[in-house]
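data.csv (CSV, C-alpha atoms)
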chain,number,residue,atom,x,y,z
A,294,MET,CA,-93.9,-12.3,-181.3
A,295,ILE,CA,-92.9,-14.2,-184.4
A,296,GLU,CA,-94.9,-11.8,-186.6
A,297,GLY,CA,-93.0,-8.8,-185.2
A,298,ALA,CA,-89.6,-10.4,-185.8
A,299,THR,CA,-90.6,-11.4,-189.3
A,300,ALA,CA,-91.7,-7.8,-190.1
A,301,LEU,CA,-88.4,-6.4,-188.7
A,302,ALA,CA,-86.4,-8.9,-190.8
A,303,ASN,CA,-88.3,-7.9,-193.9
A,304,THR,CA,-87.8,-4.2,-193.4
A,305,TYR,CA,-84.5,-3.8,-191.7
A,306,VAL,CA,-81.3,-5.0,-193.4
A,307,PRO,CA,-78.2,-4.7,-191.2
A,308,LEU,CA,-74.6,-4.3,-192.4
A,309,LEU,CA,-74.0,-8.0,-191.7
A,310,THR,CA,-76.7,-10.6,-191.2
A,311,TYR,CA,-77.2,-14.4,-191.1
A,312,GLU,CA,-78.2,-16.7,-193.9
A,313,HIS,CA,-81.9,-17.1,-194.0
A,314,ALA,CA,-82.0,-20.9,-193.5
A,315,ASN,CA,-82.8,-23.4,-190.9
A,316,GLY,CA,-80.3,-25.3,-188.8
A,317,LYS,CA,-76.6,-24.8,-189.0
A,318,ALA,CA,-76.8,-23.0,-192.3
A,319,GLY,CA,-78.7,-20.2,-190.5
A,320,THR,CA,-75.7,-19.5,-188.4
A,321,GLU,CA,-73.5,-18.4,-191.4
A,322,LEU,CA,-72.7,-14.7,-191.3
A,323,ILE,CA,-73.3,-13.0,-194.7
A,324,PRO,CA,-73.2,-9.5,-196.0
A,325,GLY,CA,-76.4,-7.5,-195.7
A,326,LEU,CA,-75.8,-3.9,-196.8
A,327,ALA,CA,-72.1,-4.7,-197.0
A,328,GLU,CA,-70.5,-5.7,-200.2
A,329,GLU,CA,-68.7,-8.5,-198.5
A,330,LEU,CA,-67.6,-9.6,-195.0
A,331,PRO,CA,-65.3,-7.1,-193.3
A,332,LYS,CA,-61.5,-7.1,-193.8
A,333,ILE,CA,-60.0,-7.3,-190.4
A,334,ASP,CA,-56.6,-5.8,-189.6
A,335,ARG,CA,-54.6,-4.2,-186.8
A,336,GLY,CA,-54.7,-7.3,-184.7
A,337,GLY,CA,-58.5,-7.5,-185.0
A,338,ARG,CA,-59.0,-3.9,-183.9
A,339,ARG,CA,-60.1,-2.5,-187.2
A,340,TYR,CA,-62.8,-3.8,-189.5
A,341,THR,CA,-63.2,-2.3,-192.9
A,342,VAL,CA,-66.4,-2.9,-194.9
A,343,GLY,CA,-67.8,-1.3,-198.1
A,344,LEU,CA,-71.5,-0.7,-198.7
A,345,ARG,CA,-73.3,-2.1,-201.7
A,346,PRO,CA,-73.4,0.5,-204.5
A,347,GLY,CA,-76.5,2.4,-205.1
A,348,LEU,CA,-77.7,2.5,-201.5
A,349,GLU,CA,-79.7,5.7,-200.6
A,350,ASP,CA,-81.8,6.8,-197.7
A,351,ARG,CA,-85.2,8.2,-198.5
A,352,HIS,CA,-84.8,10.8,-195.7
A,353,SER,CA,-83.0,13.9,-196.9
A,354,GLN,CA,-81.7,14.6,-193.3
A,355,VAL,CA,-79.8,11.3,-193.3
A,356,ARG,CA,-78.3,12.0,-196.8
A,357,ALA,CA,-77.3,15.5,-195.6
A,358,LYS,CA,-75.6,14.1,-192.5
A,359,VAL,CA,-73.7,11.5,-194.6
A,360,LEU,CA,-72.5,14.1,-197.0
A,361,GLU,CA,-71.5,16.3,-194.1
A,362,ALA,CA,-69.5,13.4,-192.6
A,363,LEU,CA,-67.6,12.8,-195.8
A,364,GLY,CA,-66.0,16.2,-195.3
A,365,LYS,CA,-64.2,14.7,-192.3
A,366,PHE,CA,-62.0,12.8,-194.7
A,367,PRO,CA,-60.1,15.4,-196.7
A,368,ASP,CA,-57.3,12.9,-197.2
A,369,ARG,CA,-59.6,10.7,-199.4
A,370,PRO,CA,-59.8,12.5,-202.8
A,371,GLU,CA,-62.0,9.6,-204.1
A,372,LEU,CA,-64.8,11.2,-202.1
A,373,VAL,CA,-64.8,14.4,-204.2
A,374,PRO,CA,-66.7,12.9,-207.2
A,375,VAL,CA,-69.4,11.6,-204.8
A,376,LEU,CA,-69.8,15.0,-203.2
A,377,LEU,CA,-69.8,16.7,-206.7
A,378,ARG,CA,-72.5,14.4,-207.9
A,379,ALA,CA,-74.6,15.2,-204.8
A,380,LEU,CA,-74.0,18.9,-205.3
A,381,GLU,CA,-75.3,18.7,-208.8
A,382,LYS,CA,-78.0,16.0,-208.6
A,383,GLU,CA,-79.3,15.9,-205.1
A,384,GLU,CA,-83.0,16.9,-204.8
A,385,SER,CA,-82.7,18.1,-201.2
A,386,HIS,CA,-81.5,21.6,-200.7
A,387,SER,CA,-80.0,20.7,-197.3
A,388,ALA,CA,-78.2,17.8,-198.7
A,389,ARG,CA,-76.8,19.9,-201.5
A,390,ALA,CA,-75.7,22.5,-198.9
A,391,ALA,CA,-74.0,19.7,-196.9
A,392,ALA,CA,-72.2,18.5,-200.1
A,393,ALA,CA,-71.0,22.1,-200.8
A,394,GLN,CA,-69.7,22.5,-197.3
A,395,ALA,CA,-67.9,19.2,-197.3
A,396,LEU,CA,-66.3,20.0,-200.6
A,397,GLY,CA,-64.7,23.0,-198.9
A,398,LYS,CA,-62.6,20.6,-196.8
A,399,PHE,CA,-60.8,19.2,-199.9
A,400,PRO,CA,-58.3,22.0,-200.9
A,401,GLU,CA,-56.2,19.7,-203.0
A,402,SER,CA,-59.1,19.3,-205.4
A,403,ARG,CA,-59.9,23.0,-205.7
A,404,SER,CA,-59.6,23.0,-209.5
A,405,GLN,CA,-62.5,20.5,-209.7
A,406,ILE,CA,-64.6,22.0,-206.9
A,407,VAL,CA,-64.7,25.7,-207.6
A,408,PRO,CA,-66.4,25.5,-211.0
A,409,ALA,CA,-69.0,23.1,-209.5
A,410,LEU,CA,-69.6,25.4,-206.6
A,411,LEU,CA,-70.1,28.3,-209.0
A,412,ARG,CA,-72.6,26.3,-211.1
A,413,ALA,CA,-74.4,25.4,-207.9
A,414,LEU,CA,-75.1,29.1,-207.3
A,415,ASP,CA,-77.4,29.1,-210.3
A,416,GLN,CA,-79.5,26.2,-208.9
A,417,PRO,CA,-82.9,27.0,-207.4
A,418,SER,CA,-83.0,27.4,-203.7
A,419,HIS,CA,-85.6,26.6,-201.1
A,420,ARG,CA,-85.7,30.4,-200.6
A,421,ASP,CA,-86.9,30.9,-204.2
A,422,VAL,CA,-90.6,31.4,-204.1
Translate this structure into C-alpha cells?
Amino acid sequence: MIEGATALANTYVPLLTYEHANGKAGTELIPGLAEELPKIDRGGRRYTVGLRPGLEDRHSQVRAKVLEALGKFPDRPELVPVLLRALEKEESHSARAAAAQALGKFPESRSQIVPALLRALDQPSHRDV
C-alpha cells in the first residue's frame, strides 16, 4: 500500500498539500499548485487562492473547459489577455473555439477582441483537409 501512496504523491499535486517531512514538520500546510496559502475573508466563508504561473493541462478538453469557464467572469477584464493568447497560440481547435466563445462575453473589451477574432478566421481549422 505504501508503494501506491508514493506513486500518487509523485504524480498528483493538489492545490494545497503538506510539507514532505517526518514528524511535526510533516503537518505543515504548504502550497502545492497554489502560489501561496489562501486568503480567507467573509468570516471564513471565502478562500481566494492563485495558481502558480505557467500551469497547463496536457488534455485539450480540460484546457477548453477552463477557457469556457473564464467567459463566466465578464467583470474581470484581466482575463481578456489570457483568452486572446489562447485564441492565437493554443494548439487545440476546440480550446481556441472555447476562447473565442468566452471572448464574446467581454463586450467592454470589444476594441481588443474583434481584431483578434478576425485574425482567428484565417487560422487553419480541423475541418481543413
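Nearest to Leu344 in chain A of all the residues A:Val375, A:Glu328, A:Gly316, A:Glu384 is A:Glu328, counting only C-alpha atoms.
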Do you know which residues are at most 7 Å from range 387-400 of chain A counting all atoms listed in the file, after dropping those on the same chain fewer than 4 positions away, and could you put them as a PyMOL selection string?
chain A and resi 353+356-357+360-361+363-364+367+373+376+379-380+383+406+410
Mind writing the picked residues with C-alpha atoms as a short mmCIF file (atom, residue, chain, number, x, y, z; two decimals), in the frame of the given file?
data_model
loop_
_atom_site.label_atom_id
_atom_site.label_comp_id
_atom_site.auth_asym_id
_atom_site.auth_seq_id
_atom_site.Cartn_x
_atom_site.Cartn_y
_atom_site.Cartn_z
CA SER A 353 -83.00 13.90 -196.90
CA ARG A 356 -78.30 12.00 -196.80
CA ALA A 357 -77.30 15.50 -195.60
CA LEU A 360 -72.50 14.10 -197.00
CA GLU A 361 -71.50 16.30 -194.10
CA LEU A 363 -67.60 12.80 -195.80
CA GLY A 364 -66.00 16.20 -195.30
CA PRO A 367 -60.10 15.40 -196.70
CA VAL A 373 -64.80 14.40 -204.20
CA LEU A 376 -69.80 15.00 -203.20
CA ALA A 379 -74.60 15.20 -204.80
CA LEU A 380 -74.00 18.90 -205.30
CA GLU A 383 -79.30 15.90 -205.10
CA ILE A 406 -64.60 22.00 -206.90
CA LEU A 410 -69.60 25.40 -206.60
#
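Note that the spacing between CA of Leu326 in chain A and CA of Leu308 in chain A amounts to 4.6 Å.
The spacing separating CA of Asp350 in chain A from CA of Glu329 in chain A amounts to 20.2 Å.
With distances restricted to only C-alpha atoms, A:His386 is the closest residue to Leu414 in chain A from A:Ser402, A:Ala314, A:His386, A:Pro331.
Here CA of Glu312 in chain A is placed at a distance of 26.9 Å from CA of Gly336 in chain A.
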